[in-house]
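Visitor: Data file protein.csv (CSV, C-alpha atoms) is appended below.
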chain,number,residue,atom,x,y,z
L,1,MET,CA,35.8,4.9,12.5
L,2,GLU,CA,35.9,1.1,13.0
L,3,ARG,CA,38.8,-0.5,11.3
L,4,THR,CA,38.6,-4.0,9.9
L,5,HIS,CA,41.3,-6.2,11.5
L,6,ILE,CA,42.8,-8.5,8.9
L,7,ALA,CA,45.2,-11.1,10.3
L,8,PHE,CA,47.6,-13.5,8.4
L,9,PHE,CA,48.2,-16.9,10.0
L,10,GLY,CA,50.3,-19.9,9.0
L,11,ARG,CA,53.4,-22.0,9.5
L,12,ARG,CA,56.9,-20.6,9.7
L,13,ASN,CA,58.3,-19.8,6.2
L,14,ALA,CA,54.9,-20.2,4.6
L,15,GLY,CA,55.4,-16.7,3.3
L,16,LYS,CA,53.1,-14.8,5.6
L,17,SER,CA,55.4,-11.8,5.9
L,18,SER,CA,56.1,-11.7,2.2
L,19,LEU,CA,52.4,-11.9,1.4
L,20,VAL,CA,51.6,-9.1,3.9
L,21,ASN,CA,54.2,-6.9,2.2
L,22,ARG,CA,52.7,-7.6,-1.2
L,23,PHE,CA,49.2,-7.1,0.2
L,24,THR,CA,50.0,-3.7,1.7
L,25,SER,CA,52.6,-2.6,-1.0
L,26,GLN,CA,54.9,-1.8,1.9
L,27,GLU,CA,57.8,-3.4,3.7
L,28,LEU,CA,55.7,-3.9,6.8
L,29,SER,CA,57.3,-7.2,7.9
L,30,ILE,CA,60.9,-8.4,7.9
L,31,VAL,CA,61.3,-11.2,5.4
L,32,SER,CA,64.0,-13.9,5.7
L,33,ASP,CA,64.6,-17.6,4.8
L,34,VAL,CA,65.3,-18.2,8.5
L,35,ALA,CA,62.3,-20.0,10.1
L,36,GLY,CA,60.7,-17.9,12.9
L,37,THR,CA,61.7,-14.5,11.7
L,38,THR,CA,58.4,-13.0,12.9
L,39,THR,CA,58.6,-13.4,16.7
L,40,ASP,CA,55.7,-11.1,17.7
L,41,PRO,CA,52.5,-10.0,16.0
L,42,VAL,CA,53.2,-7.0,13.8
L,43,ARG,CA,50.3,-4.5,13.5
L,44,LYS,CA,49.9,-1.7,10.9
L,45,THR,CA,47.0,0.7,10.8
L,46,MET,CA,46.5,2.1,7.3
L,47,GLU,CA,44.1,3.0,4.5
L,48,LEU,CA,44.2,0.3,1.9
L,49,LEU,CA,42.4,0.5,-1.4
L,50,PRO,CA,39.9,-1.0,-2.2
L,51,LEU,CA,39.4,-2.0,1.5
L,52,GLY,CA,39.3,1.3,3.3
L,53,PRO,CA,40.6,1.7,6.9
L,54,VAL,CA,42.2,-1.5,8.2
L,55,VAL,CA,44.6,-3.0,10.7
L,56,ILE,CA,46.9,-5.5,9.1
L,57,ILE,CA,48.4,-8.1,11.5
L,58,ASP,CA,51.3,-10.4,10.7
L,59,THR,CA,51.7,-13.3,13.2
L,60,PRO,CA,54.5,-15.7,14.3
L,61,GLY,CA,54.4,-19.2,12.9
L,62,ILE,CA,51.9,-21.7,14.4
L,63,ASP,CA,54.4,-24.5,14.2
L,64,ASP,CA,57.2,-22.8,16.3
L,65,GLU,CA,59.2,-24.9,18.7
L,66,GLY,CA,60.7,-24.8,22.2
L,67,ALA,CA,59.6,-22.7,25.2
L,68,LEU,CA,59.9,-19.4,23.3
L,69,GLY,CA,58.2,-21.0,20.4
L,70,ASN,CA,55.2,-21.9,22.5
L,71,GLN,CA,54.9,-18.4,23.7
L,72,ARG,CA,55.0,-17.1,20.1
L,73,ILE,CA,52.3,-19.6,19.1
L,74,GLU,CA,50.2,-18.4,22.1
L,75,ARG,CA,50.6,-14.8,20.9
L,76,SER,CA,49.4,-15.8,17.4
L,77,ILE,CA,46.4,-17.6,18.8
L,78,ARG,CA,45.7,-14.5,21.0
L,79,VAL,CA,45.4,-12.4,17.8
L,80,ILE,CA,42.3,-14.4,16.8
L,81,ASP,CA,40.4,-12.5,19.5
L,82,GLU,CA,40.8,-9.3,17.5
L,83,THR,CA,40.5,-10.7,14.0
L,84,ASP,CA,37.6,-9.7,11.8
L,85,ILE,CA,39.0,-11.5,8.7
L,86,ALA,CA,41.5,-14.3,8.9
L,87,ILE,CA,43.8,-15.2,6.0
L,88,LEU,CA,45.4,-18.6,6.5
L,89,VAL,CA,48.6,-18.8,4.4
L,90,VAL,CA,49.5,-22.4,3.3
L,91,ASP,CA,52.9,-23.4,2.0
L,92,GLY,CA,52.0,-24.8,-1.4
L,93,THR,CA,54.9,-27.3,-1.3
L,94,ILE,CA,53.5,-28.8,1.9
L,95,GLY,CA,49.8,-28.4,2.0
L,96,ILE,CA,47.5,-28.2,5.0
L,97,GLY,CA,48.6,-30.0,8.2
L,98,ASP,CA,47.1,-30.4,11.7
L,99,GLU,CA,48.1,-26.9,12.8
L,100,GLU,CA,46.2,-25.3,9.9
L,101,LYS,CA,43.2,-27.6,10.4
L,102,ALA,CA,43.1,-26.6,14.1
L,103,LEU,CA,43.1,-22.9,13.1
L,104,LEU,CA,40.4,-23.4,10.5
L,105,ALA,CA,38.2,-25.1,13.2
L,106,GLU,CA,38.7,-22.2,15.5
L,107,PHE,CA,37.7,-19.7,12.8
L,108,VAL,CA,34.6,-21.7,12.1
L,109,LYS,CA,33.8,-22.0,15.8
L,110,ARG,CA,34.1,-18.2,16.3
L,111,ARG,CA,32.3,-17.4,13.0
L,112,ILE,CA,35.3,-15.5,11.7
L,113,PRO,CA,35.3,-14.9,7.9
L,114,HIS,CA,38.4,-16.5,6.5
L,115,LEU,CA,40.3,-17.3,3.3
L,116,VAL,CA,42.7,-20.1,2.7
L,117,VAL,CA,45.6,-18.8,0.5
L,118,VAL,CA,48.1,-21.2,-1.1
L,119,ASN,CA,51.5,-19.4,-1.5
L,120,LYS,CA,54.6,-20.4,-3.4
L,121,SER,CA,52.6,-21.3,-6.5
L,122,ASP,CA,55.7,-20.3,-8.5
L,123,LEU,CA,57.4,-23.4,-7.3
L,124,GLY,CA,55.1,-25.6,-9.4
L,125,ASN,CA,52.5,-28.2,-8.6
L,126,PRO,CA,51.2,-26.6,-5.4
L,127,VAL,CA,49.0,-28.6,-3.1
L,128,ILE,CA,45.7,-26.8,-3.3
L,129,PRO,CA,42.9,-27.5,-0.8
L,130,GLU,CA,39.3,-27.1,-1.8
L,131,ASP,CA,38.0,-23.5,-2.0
L,132,ALA,CA,41.6,-22.1,-1.6
L,133,MET,CA,43.0,-19.4,-3.8
L,134,VAL,CA,46.5,-19.5,-5.2
L,135,VAL,CA,49.1,-16.7,-5.0
L,136,SER,CA,52.8,-16.1,-5.3
L,137,ALA,CA,54.1,-13.5,-2.9
L,138,LEU,CA,57.5,-13.7,-4.7
L,139,LYS,CA,56.1,-12.8,-8.1
L,140,GLY,CA,53.1,-10.8,-6.9
L,141,GLU,CA,50.6,-13.1,-8.6
L,142,GLY,CA,47.0,-13.3,-7.3
L,143,ILE,CA,47.4,-10.4,-4.9
L,144,GLU,CA,44.8,-8.1,-6.5
L,145,GLU,CA,42.3,-11.0,-6.5
L,146,LEU,CA,43.0,-11.6,-2.8
L,147,LYS,CA,42.3,-7.9,-2.1
L,148,GLU,CA,39.0,-8.1,-4.0
L,149,ARG,CA,38.0,-11.3,-2.1
L,150,VAL,CA,38.7,-9.5,1.2
L,151,ALA,CA,36.8,-6.4,0.0
L,152,VAL,CA,33.7,-8.5,-0.7
L,153,ILE,CA,33.8,-9.8,2.9
L,154,ILE,CA,34.2,-6.3,4.2
L,155,ARG,CA,31.2,-5.0,2.2
L,156,GLN,CA,29.1,-7.9,3.5
L,157,ARG,CA,29.7,-6.9,7.1
L,158,LYS,CA,26.9,-4.8,8.6
L,159,PRO,CA,28.1,-2.6,11.4
L,160,ARG,CA,25.6,-1.7,14.2
L,161,PRO,CA,24.4,1.9,14.3
L,162,LEU,CA,26.1,4.3,16.7
L,163,VAL,CA,23.6,7.1,17.0
L,164,SER,CA,22.3,8.0,13.5
L,165,ASP,CA,19.3,5.7,13.8
L,166,LEU,CA,18.1,7.5,16.9
L,167,VAL,CA,17.7,10.9,15.2
L,168,GLU,CA,16.3,12.4,12.0
L,169,GLU,CA,17.7,15.0,9.6
L,170,GLY,CA,17.7,18.4,11.2
L,171,ASP,CA,17.5,17.2,14.8
L,172,LEU,CA,19.5,19.1,17.4
L,173,VAL,CA,21.7,16.9,19.6
L,174,VAL,CA,23.6,18.3,22.5
L,175,LEU,CA,26.9,16.7,23.3
L,176,VAL,CA,28.3,17.4,26.8
L,177,VAL,CA,32.1,17.2,26.8
L,178,PRO,CA,33.6,18.0,30.2
L,179,ILE,CA,37.3,19.1,30.1
L,180,ASP,CA,38.9,15.9,31.4
L,181,LYS,CA,42.3,16.2,32.9
L,182,SER,CA,43.3,12.7,31.7
L,183,ALA,CA,42.3,13.5,28.0
L,184,PRO,CA,45.0,15.0,25.7
L,185,LYS,CA,44.9,18.8,25.7
L,186,ASP,CA,42.7,20.4,23.0
L,187,ARG,CA,41.5,17.0,21.7
L,188,LEU,CA,38.1,15.3,21.6
L,189,ILE,CA,38.3,11.7,22.5
L,190,LEU,CA,37.5,9.1,19.9
L,191,PRO,CA,33.8,8.3,20.9
L,192,GLN,CA,33.0,12.0,20.8
L,193,GLN,CA,34.5,12.3,17.3
L,194,MET,CA,32.7,9.2,16.1
L,195,VAL,CA,29.3,10.5,17.4
L,196,ILE,CA,29.9,13.9,15.7
L,197,ARG,CA,30.8,12.2,12.4
L,198,ASP,CA,27.8,9.9,12.6
L,199,LEU,CA,25.4,12.8,13.4
L,200,LEU,CA,26.8,15.0,10.6
L,201,GLY,CA,26.4,12.0,8.2
L,202,LYS,CA,22.7,11.8,9.1
L,203,GLY,CA,22.2,15.5,8.6
L,204,ALA,CA,21.5,16.1,12.3
L,205,ILE,CA,23.0,19.1,14.1
L,206,PRO,CA,25.4,18.4,16.9
L,207,VAL,CA,25.9,21.2,19.5
L,208,VAL,CA,29.0,20.6,21.6
L,209,VAL,CA,29.3,22.2,25.1
L,210,LYS,CA,31.1,21.8,28.3
L,211,ASP,CA,29.1,20.7,31.3
L,212,THR,CA,29.5,24.2,32.8
L,213,GLU,CA,27.6,25.7,29.9
L,214,LEU,CA,24.9,23.0,29.4
L,215,ASP,CA,22.1,24.9,31.1
L,216,ILE,CA,22.8,28.0,28.9
L,217,ALA,CA,22.9,25.8,25.8
L,218,LEU,CA,19.6,24.2,26.5
L,219,GLU,CA,17.9,27.6,26.8
L,220,LYS,CA,19.3,28.9,23.6
L,221,VAL,CA,19.3,26.0,21.0
L,222,GLY,CA,15.6,25.2,20.9
L,223,LYS,CA,14.0,21.8,20.7
L,224,VAL,CA,16.6,19.1,21.6
L,225,ARG,CA,16.2,15.5,20.4
L,226,LEU,CA,18.9,13.9,22.5
L,227,VAL,CA,21.6,14.8,25.0
L,228,ILE,CA,24.8,12.7,25.1
L,229,THR,CA,27.3,13.2,27.9
L,230,ASP,CA,30.5,11.9,29.2
L,231,SER,CA,29.4,9.3,31.8
L,232,GLN,CA,31.5,11.0,34.5
L,233,ALA,CA,29.2,13.9,34.4
L,234,PHE,CA,26.0,11.9,34.7
L,235,ALA,CA,25.1,13.2,38.2
L,236,LYS,CA,25.4,16.9,37.2
L,237,VAL,CA,23.9,16.6,33.7
L,238,SER,CA,20.9,14.5,34.7
L,239,LYS,CA,19.8,17.2,37.0
L,240,ILE,CA,20.0,19.9,34.3
L,241,VAL,CA,18.4,18.0,31.4
L,242,PRO,CA,14.6,17.9,31.6
L,243,LYS,CA,13.1,14.5,32.0
L,244,GLU,CA,11.3,14.7,28.6
L,245,ILE,CA,14.6,14.9,26.8
L,246,PRO,CA,16.3,11.5,26.2
L,247,LEU,CA,19.7,11.3,27.9
L,248,THR,CA,22.6,8.8,27.4
L,249,SER,CA,26.4,8.7,27.3
L,250,PHE,CA,29.1,8.1,24.8
L,251,SER,CA,30.1,5.0,26.7
L,252,ILE,CA,26.6,3.5,26.6
L,253,LEU,CA,26.3,4.3,22.9
L,254,MET,CA,29.6,2.4,22.4
L,255,ALA,CA,28.2,-0.6,24.3
L,256,ARG,CA,25.3,-0.6,21.9
L,257,PHE,CA,27.6,-0.1,18.9
L,258,LYS,CA,29.8,-3.0,20.0
L,259,GLY,CA,26.8,-5.3,20.6
L,260,ILE,CA,27.2,-5.8,24.4
L,261,LEU,CA,24.6,-3.4,25.8
L,262,ASP,CA,22.2,-6.0,27.2
L,263,GLN,CA,25.0,-8.1,28.8
L,264,SER,CA,26.4,-4.9,30.3
L,265,VAL,CA,23.1,-3.8,31.8
L,266,GLU,CA,22.7,-7.3,33.3
L,267,GLY,CA,26.3,-7.2,34.6
L,268,ALA,CA,25.7,-3.9,36.3
L,269,ASN,CA,23.2,-5.4,38.6
L,270,MET,CA,26.0,-7.3,40.3
L,271,LEU,CA,26.9,-4.0,42.1
L,272,ASP,CA,23.9,-4.7,44.3
L,273,ASN,CA,25.2,-8.1,45.4
L,274,LEU,CA,28.9,-7.5,46.2
L,275,LYS,CA,30.2,-8.7,49.5
L,276,ASP,CA,33.3,-7.6,51.5
L,277,GLY,CA,36.4,-8.8,49.8
L,278,ALA,CA,34.8,-8.9,46.4
L,279,LYS,CA,37.3,-8.8,43.5
L,280,ILE,CA,36.6,-6.4,40.7
L,281,LEU,CA,38.6,-6.2,37.4
L,282,ILE,CA,38.6,-2.8,35.8
L,283,SER,CA,39.9,-3.1,32.2
L,284,GLU,CA,40.6,-0.4,29.6
L,285,GLY,CA,41.3,-0.9,25.9
L,286,CYS,CA,43.8,1.9,25.6
L,287,THR,CA,47.1,2.7,27.4
L,288,HIS,CA,46.9,6.4,28.3
L,289,HIS,CA,49.0,8.1,31.0
L,290,ARG,CA,46.9,7.9,34.2
L,291,GLN,CA,46.2,11.2,36.0
L,292,CYS,CA,45.4,11.8,39.7
L,293,GLU,CA,41.6,11.8,38.9
L,294,ASP,CA,41.8,8.9,36.5
L,295,ILE,CA,38.3,7.4,35.9
L,296,GLY,CA,39.4,3.8,35.9
L,297,THR,CA,41.8,3.6,38.8
L,298,VAL,CA,40.5,6.4,41.1
L,299,LYS,CA,36.9,7.6,40.4
L,300,LEU,CA,35.2,4.3,39.7
L,301,PRO,CA,36.6,2.5,42.7
L,302,GLY,CA,35.6,5.4,44.9
L,303,TRP,CA,32.1,5.5,43.5
L,304,ILE,CA,31.7,1.7,43.8
L,305,ARG,CA,32.8,1.7,47.5
L,306,GLU,CA,30.4,4.6,48.2
L,307,TYR,CA,27.5,2.9,46.5
L,308,THR,CA,28.0,-0.6,47.8
L,309,GLY,CA,29.3,0.1,51.2
L,310,VAL,CA,31.6,-2.9,51.0
L,311,ASP,CA,35.4,-3.1,50.9
L,312,SER,CA,36.2,-4.5,47.4
L,313,GLU,CA,39.6,-5.3,46.0
L,314,PHE,CA,40.4,-3.8,42.5
L,315,LYS,CA,42.7,-5.0,39.8
L,316,PHE,CA,43.4,-3.2,36.6
L,317,THR,CA,44.4,-4.1,33.0
L,318,SER,CA,44.9,-2.0,29.9
L,319,GLY,CA,45.5,-2.3,26.2
L,320,LEU,CA,45.5,-5.8,24.8
L,321,GLU,CA,46.1,-7.2,28.3
L,322,PHE,CA,43.0,-9.2,29.4
L,323,PRO,CA,43.1,-12.4,31.5
L,324,LYS,CA,42.1,-15.7,30.0
L,325,ASP,CA,41.1,-17.0,33.4
L,326,LEU,CA,38.5,-14.7,35.0
L,327,SER,CA,37.4,-17.0,37.7
L,328,GLU,CA,38.9,-15.0,40.6
L,329,TYR,CA,36.7,-12.0,39.9
L,330,ASP,CA,33.2,-11.2,41.0
L,331,LEU,CA,32.6,-8.4,38.5
L,332,ILE,CA,34.4,-7.0,35.4
L,333,ILE,CA,33.9,-3.3,34.4
L,334,HIS,CA,35.3,-2.4,31.0
L,335,CYS,CA,35.8,1.0,29.4
L,336,GLY,CA,33.8,2.0,26.4
L,337,ALA,CA,36.3,0.1,24.2
L,338,CYS,CA,36.5,2.8,21.5
L,339,MET,CA,40.1,1.6,20.7
L,340,LEU,CA,39.1,-2.0,20.3
L,341,GLY,CA,37.3,-3.6,17.4
L,342,GLU,CA,34.0,-5.3,17.8
L,343,THR,CA,35.5,-8.8,17.5
L,344,GLU,CA,37.9,-8.1,20.4
L,345,VAL,CA,35.1,-6.6,22.6
L,346,MET,CA,32.7,-9.5,21.9
L,347,SER,CA,35.5,-11.9,22.6
L,348,ARG,CA,36.1,-10.4,26.0
L,349,TYR,CA,32.5,-10.4,26.9
L,350,GLN,CA,32.0,-13.9,25.7
L,351,LYS,CA,34.9,-15.1,27.9
L,352,ALA,CA,33.2,-13.5,30.9
L,353,LYS,CA,29.9,-15.1,29.9
L,354,ASP,CA,31.4,-18.5,29.4
L,355,GLN,CA,33.0,-18.4,32.9
L,356,GLY,CA,29.9,-17.0,34.5
L,357,ILE,CA,31.4,-13.7,35.5
L,358,PRO,CA,29.2,-10.6,35.3
L,359,MET,CA,30.6,-7.9,33.0
L,360,THR,CA,29.5,-4.3,32.4
L,361,ASN,CA,31.1,-1.0,31.1
L,362,TYR,CA,31.9,2.3,32.6
L,363,GLY,CA,28.8,4.3,31.4
L,364,ILE,CA,26.3,1.6,32.5
L,365,ALA,CA,28.0,1.1,35.8
L,366,ILE,CA,28.1,4.8,36.5
L,367,GLY,CA,24.4,5.1,35.5
L,368,LYS,CA,23.6,2.3,38.0
L,369,ILE,CA,25.6,4.0,40.7
L,370,LYS,CA,24.0,7.4,40.2
L,371,GLY,CA,20.5,5.9,40.2
L,372,ILE,CA,19.6,6.9,36.6
L,373,LEU,CA,20.3,3.7,34.7
L,374,PRO,CA,16.7,3.2,33.4
L,375,ARG,CA,16.7,6.7,32.0
L,376,VAL,CA,20.0,6.5,30.2
L,377,ILE,CA,19.4,3.2,28.5
L,378,SER,CA,15.9,4.2,27.3
L,379,PHE,CA,17.1,6.7,24.7
L,380,SER,CA,15.7,4.8,21.7
Produce structure tokens that represent the structure in this file.
Guide:
Amino acid sequence: MERTHIAFFGRRNAGKSSLVNRFTSQELSIVSDVAGTTTDPVRKTMELLPLGPVVIIDTPGIDDEGALGNQRIERSIRVIDETDIAILVVDGTIGIGDEEKALLAEFVKRRIPHLVVVNKSDLGNPVIPEDAMVVSALKGEGIEELKERVAVIIRQRKPRPLVSDLVEEGDLVVLVVPIDKSAPKDRLILPQQMVIRDLLGKGAIPVVVKDTELDIALEKVGKVRLVITDSQAFAKVSKIVPKEIPLTSFSILMARFKGILDQSVEGANMLDNLKDGAKILISEGCTHHRQCEDIGTVKLPGWIREYTGVDSEFKFTSGLEFPKDLSEYDLIIHCGACMLGETEVMSRYQKAKDQGIPMTNYGIAIGKIKGILPRVISFS
């Protein structure tokens, strides 16, 4: 399930951490009168009524000082990349300054829904900007109203469909789930879980099989509306699934879900134009323990070298690590990004687009390499 990322920004001692603790009804962040107590972004994944599944992020002050202070500010600014809803906390005894105005301009530029919240109203005569709401983290005043305002923004967000719009109630959908050495034992990975949940919600009938039993399943289950496979098994699965049955992958569905399908398809065409010495960045959104047959660091580089016939140089990033300057790369290949929110994924793809660097994802790149890309993106 996609979690809404709600981030709190503001000056040191504006009361961000106190407000976060009130907002979550937990002691999530350390609170102190000492300026700069929050030195790194603090993230908490939780279910929060009436908001649902969320990630709450407390950030360092945007007015920090010194060399370390500048690094902390940079980390706060970096959080904007993953923010779905921004809450700018203003010290009511001071009002809005240049730092807050710069943040607001950035929110507007990126079209990030945001609220301006004036804290310390209990101190009397707060400076209240237009359209701001007033709270007191100390006394707990205005917290429920803030939650309701955030809930309204969440309800207004319209997520893209994952797979439910491609099927009808009662349709059979075969999910091909190879047993991947790099996946946790006895566990379905997140995209597979998300697809199953979405299909069940539509009233469709998911049938989950390993690639080794796919041919048997297709003989027994009857009329199949769609086959969805792990991209790594494209070569094998595409030979088994009849041409008249639509075929795609979890990774490609995730690209569609995150809103970067078209850009990814265009980026995959760069594989036909690589020259010796080309630099390729392979980036993953999670930080799993890499195995000997790891898809990102082993399989993909091997397939790319085989397909292109050129000697490319590969670099790798994972988790929240993603370069600001992408100019040294000829191509970026990203994972399905199931562990990243839509805002974070769109931010990465936008950075690549702004710098003129082609970018694609695992499933689409593999479809291109295996010569079946037109088939696996025509599922709708």
Visitor: Taking only residues of stretch 245-345 of chain L that have an atom at most 12 Å from an atom of stretch 72-79 of chain L, what is each one's shortest atom pair and its distance in Å to one decimal, using all atoms listed in the file, in chain and number order, as a tab-separated table?
Guide:
residue	atom	partner	partner_atom	distance
L:Leu320	CA	L:Arg78	CA	9.5
L:Glu321	CA	L:Arg78	CA	10.3
L:Phe322	CA	L:Arg78	CA	10.3
L:Pro323	CA	L:Arg78	CA	11.0
L:Lys324	CA	L:Arg78	CA	9.8
L:Gly341	CA	L:Val79	CA	12.0
L:Thr343	CA	L:Val79	CA	10.5
L:Glu344	CA	L:Val79	CA	9.0
Visitor: Identify which of the residues L:Glu306, L:Asp58, L:Asp276, L:Asp230 lies closest to L:Ile252, counting all atoms listed in the file when measuring atom-to-atom distances.
Guide: L:Asp230
Visitor: Identify which of the residues L:Cys335, L:Val90, L:Val20, L:Leu274 lies closest to L:Ala132, counting all atoms listed in the file when measuring atom-to-atom distances.
Guide: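 Ranking L:Cys335, L:Val90, L:Val20, L:Leu274 by distance to L:Ala132, first place goes to L:Val90.
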Visitor: Between atom CA of L:His114 and atom CA of L:Ala86, measure the distance and give it in Å to one decimal.
Guide: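 So the answer is 4.5 Å.
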Visitor: Counting all atoms listed in the file, figure out which residue out of L:Ala268, L:Val208, L:Leu331, L:Val174 gets nearest to L:Val241.
Guide: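 Of all the options, L:Val174 lies closest to L:Val241.
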Visitor: With distances taken over all atoms listed in the file, which residue among L:Pro358, L:Gly61, L:Gly52, L:Gly319 lies nearest L:Met270?
Guide: L:Pro358
Visitor: Counting only C-alpha atoms, select every polymer residue within 12 Å of (41.0, -10.8, -2.7) as defined in the file's coordinates, and provide the selection as a list of chain:residue names.
Guide: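 Residues with an atom at most 12 Å from (41.0, -10.8, -2.7): L:Ile6, L:Phe23, L:Leu49, L:Pro50, L:Leu51, L:Ile85, L:Ile87, L:His114, L:Leu115, L:Val116, L:Val117, L:Ala132, L:Met133, L:Val134, L:Val135, L:Glu141, L:Gly142, L:Ile143, L:Glu144, L:Glu145, L:Leu146, L:Lys147, L:Glu148, L:Arg149, L:Val150, L:Ala151, L:Val152, L:Ile153, L:Ile154.
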Visitor: Just the number, please: distance in Å from atom CA of L:Arg375 to atom CA of L:Val227, one decimal.
Guide: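 These atoms are spaced 11.8 Å apart.
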Visitor: Return the single residue from L:Ile94, L:Val298, L:Ile62, L:Leu175 that is closest to L:Asn119, with distances computed using all atoms listed in the file.
Guide: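 Selected residue with least distance to L:Asn119: L:Ile94.
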Visitor: Just the residues within 10 Å of L:Lys236, please, counting only C-alpha atoms, with nothing from its chain fewer than 5 positions along; format it as number ranges by chain.
Guide: L: 211-212, 214, 241
